[in-house]
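**Q** Sharing a structure, written as structure tokens. Questions coming.
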Amino acid sequence: MTQITSDLHDLTVAQLATQLRERKVSAVEAAQHFLSRAAIHTKLGAFLDRQPDVTLAQARAADERLAAGNAGPLTGVPLAHKDIFVTRDFATTAGSRMLKGYHSPFDATVVTRLGAGVPGGSPGAGMVTLGKLNCDEFAMGSANENSAYGPVKNPWNLSCTPGGSSGGSAAAVAARLTPAATGTDTGGSIRQPASFCGVTGIKPTYGRASRYGMVAFASSLDQAGPLARSAEDCALLLSAMCGPDPDRDSTSLDVPAEDFSRSLNAELAGLRIGIPAEFFGEGLAPDVRAAVDAALKELEQLGARLVPISLPRTELSIPVYYIIAPAEASSNLSRFDGVKFGFRAKQYTDLNDMYLQTREQGFGDEVKRRIMIGTYVLSHGYYDAYYLQAQKIRRMIADDFQQAFAVCDVIAGPVAPTVAWKLGGHSDPLTDYLADIFTLPASLAGLPGMSLPVGFGAGHLPVGLQLIGNYLTESRLLNVAHRFQQATDWHTAKPQGI
Ligand code: GLN
């Protein structure tokens with residue numbers, strides 16, 4: 001194991017996995033390489049916790065598995081987790097002061113599955129954890145500026161946002177600080193940062209991946225997924241992440257784990273791609289539109305047929321989401337009271353004041369805003385007017401998708417109306433909310449969605465194409481993305497100076 005490739009970080013997950021299996025590189029060498037990159041490139045603000053001793057111990061265990069010949073397709077490949085997944089060996093903050101220094105007594109199911117597996121039970125994929133990645137506080141945000149630990153910078157332009165809330169994940173993958181990362185998507189938090197940083201990310205069907213150990217934001221929407229540089233890599237990770245978890249997440253689907261790599265190469269001939277008129281209206285920036293249009297042409301070249309469709313309630317997804325998500329958040333965040341987890345105010349007069357001071361000091365502005373909105377829409381007298389109406393429209397949005405899928409197999413459009421904006425560029429939260437318009441509908445419907453890089457817009461910032469599929473059609477989305485990536489090289493573009 002001598003010839004350590006200096007450009008190890010340029011290898012995809014699939015390539016690195018092959019080198020590990022062929023013993024051209026050891027898991028320890030790979031881990032050391034990425035650990036030193038993460039230590040050098042701290043200016044991105046991507047990592048919140050690194051524990052090199054833990055990482056190297058995991059790498060040694062992976063090398064043992066590789067040597068013993070009982071390795072899986074991902075064994076020894078490094079990855080990093082969004083800091084919303086609880087981890088025993090790394091601190092978990094969810095980007096919040098409220099959880100500063102918190103150590104979970106257990107690992108999230110997704111972490112276990114990608115890592116060492118259940119002791120004495122089913123083996124995990126054997127990936128090696130490099131650390132925890134910055135994110136918006138409790139995954140609330142679209143720019144990673146709501147993290148209590150500072151914003152993440154976009155590797156393509158350090159004065160721009162990487163997107164959010166999985167901004168650390170997308171930035172770290174784009175900057176080749178890790179071959180892959182986990183993310184979570186409640187209303188777009190995998191797809192939008194993937195788009196802004198020029199990487200590939202997929203949010204599976206709601207319920208595909210266990211939410212056990214994911215710090216809850218909006219439980220009926222939260223879903224885990226991978227970010228990596230290619231659809232092929234995402235397929236490898238997603239296959240390891242998904243599967244039922246009946247004892248720990250009652251909403252996890254009773255659908256067996258699937259090998260999403262199997263149909264990556266299927267032909268696209270005859271594939272009907274639905275183009276929702278509402279995704280191409282006046283709010284869409286011309287540079288994003290140009291890159292998306294060019295990608296759609298490429299998909300036509302590959303044999304797909306574009307079919308006009310309508311998702312008439314697209315605009316309503318913003319008010320609906322920003323009622324339902326805060327409602328659920330206000331309930332989920334009630335557990336942070338200074339008693340059970342993490343932070344407690346230093347000074348207070350009595351128990352009530354302790355709750356008050358802890359929550360006042362522990363939560364950031366956006367989280368407080370959402371707790372207030374959520375509490376309001378759930379309160380007696382307003383529940384019917386807001387929450388109930390939102391739930392009804394949510395159902396109609398899901399129905400609209402089913403009508404669309406009667407005439408198409410996959411839906412395509414932009415991920416976000418613009419490329420990444422400047423850090424500090426949105427002065428009020430509503431501007432952020434409005435920019436979620438194209439990712440929220442699939443989230444509300446619980447459908448799988450992904451983003452893949454398809455070009456560059458203004459300021460040479462990446463543009464992503466969003467693909468949305470019907471329930472449980474992740475393999476189809478990955479197949480379309482893979483064929484596109486076989487025919488083009490947008491996904492191989494690399495930010496300068498990193
Ligand atoms: N931007 C959306 C929000 O702020 C989505 C976040 C997410 O998917 N976690 O809620």
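By convention here, the chains of the structure tokens are called A, B, ... in the order presented, each chain's residues are numbered starting at 1, and ligands are numbered starting at 1 in the order presented.
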Counting only C-alpha atoms and all ligand atoms, name the residues that have an atom within 6 Å of an atom of ligand 1; the answer should be given as a list in words.

**A** Ala139, Met140, Gly141, Ser142, Ser165, Asp185, Thr186, Gly187, Gly188, Ser189 and Asp436 of chain A

**Q** Could you give me, as a list in words, the residues within 8 Å of A:Thr129, counting only C-alpha atoms and dropping anything in the same chain fewer than 4 positions from it?

**A**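 So the residues in contact are Thr55, Gln58, Pro78, Leu79, Ala80, His81 and Gly115 of chain A.
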
**Q** Would you list the contacts of A:Val307 as a count of residues only, taking every protein, DNA or RNA residue within 7 Å and counting only C-alpha atoms, but skipping same-chain residues closer than 5 positions in sequence?

**A** 5

**Q** Give the answer as one residue: which of A:Tyr387, A:Tyr382, A:Phe138, A:Phe196 has the shortest atom-to-atom distance to A:Ala94, using only C-alpha atoms?

**A**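 Among the listed residues, A:Phe138 lies closest to A:Ala94.
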
**Q** Of the residues A:Leu11, A:Ala27, A:Ala329, A:Leu236, which is the one nearest to A:Met372, using only C-alpha atoms?

**A**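 Checking each candidate against A:Met372, we get A:Ala329 as the closest.
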
**Q** Which neighbours of A:Ala481 fall inside 7 Å, counting only C-alpha atoms, when residues of the same chain fewer than 3 positions from it are skipped, and could you give them as a ChimeraX atom specification?

**A** /A:231,452,477-478,484-485

**Q** Tell me, as a compact mmCIF listing (two decimals) with C-alpha atoms, in the first residue's frame, which residues lie within 6 Å of A:Ala228, counting only C-alpha atoms; anything in the same chain fewer than 5 positions away does not count.

**A**
# COMPACT_ATOMS: atom_id res chain seq x y z
CA ALA A 180 -19.81 11.98 0.27
CA THR A 200 -25.56 15.57 -6.71
CA CYS A 234 -25.62 8.64 -4.43

**Q** Residues of stretch 234-359 of chain A in strand (DSSP E or B) according to DSSP, as a list in words?

**A** Cys242, Arg272, Ile273, Gly274, Ile275, Pro276, Arg305, Leu306, Val307, Pro308 and Ile309 of chain A

**Q** Could you pull out the alpha helix (DSSP H) residues of stretch 223-417 of chain A, going by DSSP on the backbone, and write them as a PyMOL selection string?

**A** chain A and resi 231-241+286-301+317-332+351-362+365-378+389-404

**Q** If you count only C-alpha atoms, which residues fall within 12 Å of A:Ala39, apart from same-chain ones fewer than 5 positions away, as an NGL selection string?

**A** :A and (32-34 or 44-52 or 130-131 or 172 or 177-178)

**Q** Report as an MDAnalysis selection string all protein, DNA and RNA residues lying within 9 Å of stretch 424-426 of chain A, evaluated on only C-alpha atoms, omitting residues in the same chain fewer than 5 positions from it.

**A** chainID A and resid 143 145 160:161 431:432

**Q** Can those selected residues be exported to a file as a short mmCIF file (atom, residue, chain, number, x, y, z; two decimals), in the first residue's frame so that it contains all heavy atoms?

**A**
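Saved as again_15.cif:
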data_model
loop_
_atom_site.label_atom_id
_atom_site.label_comp_id
_atom_site.auth_asym_id
_atom_site.auth_seq_id
_atom_site.Cartn_x
_atom_site.Cartn_y
_atom_site.Cartn_z
N ALA A 143 -29.78 29.05 3.57
CA ALA A 143 -28.50 29.69 3.25
C ALA A 143 -27.40 29.31 4.23
O ALA A 143 -26.28 29.78 4.11
CB ALA A 143 -28.68 31.21 3.25
N GLU A 145 -27.06 30.33 7.02
CA GLU A 145 -26.70 31.49 7.84
C GLU A 145 -27.38 31.43 9.20
O GLU A 145 -27.11 32.27 10.05
CB GLU A 145 -27.10 32.78 7.12
CG GLU A 145 -26.19 33.07 5.94
CD GLU A 145 -26.62 34.32 5.19
OE1 GLU A 145 -27.77 34.35 4.70
OE2 GLU A 145 -25.82 35.25 5.09
N CYS A 160 -20.43 33.74 -1.30
CA CYS A 160 -21.81 33.29 -1.54
C CYS A 160 -22.22 32.18 -0.58
O CYS A 160 -21.38 31.45 -0.04
CB CYS A 160 -21.97 32.78 -2.97
SG CYS A 160 -21.89 34.07 -4.19
N THR A 161 -23.52 32.04 -0.41
CA THR A 161 -24.06 30.96 0.42
C THR A 161 -23.90 29.62 -0.30
O THR A 161 -24.02 29.55 -1.52
CB THR A 161 -25.56 31.20 0.74
OG1 THR A 161 -26.09 30.00 1.31
CG2 THR A 161 -26.37 31.53 -0.50
N THR A 431 -37.86 36.40 1.84
CA THR A 431 -37.14 36.21 0.58
C THR A 431 -36.58 34.79 0.51
O THR A 431 -36.60 34.14 -0.55
CB THR A 431 -35.99 37.24 0.45
OG1 THR A 431 -36.44 38.46 0.98
CG2 THR A 431 -35.55 37.41 -0.98
N ASP A 432 -36.08 34.31 1.64
CA ASP A 432 -35.60 32.92 1.70
C ASP A 432 -36.77 31.95 1.46
O ASP A 432 -36.65 31.00 0.70
CB ASP A 432 -35.03 32.61 3.10
CG ASP A 432 -33.56 33.00 3.22
OD1 ASP A 432 -33.07 33.76 2.36
OD2 ASP A 432 -32.91 32.56 4.18
#

**Q** For A:Pro123, which residue out of A:Ala62, A:Ala108, A:Ala174, A:Ala412 is the nearest one, using only C-alpha atoms?

**A**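 Under the stated criterion, the closest residue is A:Ala62.
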
**Q** To one decimal place in Å, what is the distance between atom CA of A:Ser210 and atom CA of A:Asp245?

**A**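 Value for the atom CA of A:Ser210-atom CA of A:Asp245 distance: 6.0 Å.
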
**Q** Return the single residue from A:Ala493, A:Ala445, A:Ala235, A:Ile309 that is closest to A:Asn479, with distances computed using only C-alpha atoms.

**A**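 The answer is A:Ala235, which sits nearest to A:Asn479.
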
**Q** Name the closest residue to A:Leu296 among the candidates A:Gly455, A:Pro429, A:Gly201, A:Gly167; distances are taken between atoms, counting only C-alpha atoms.

**A**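 With only C-alpha atoms as the atom set, the closest residue is A:Gly455.
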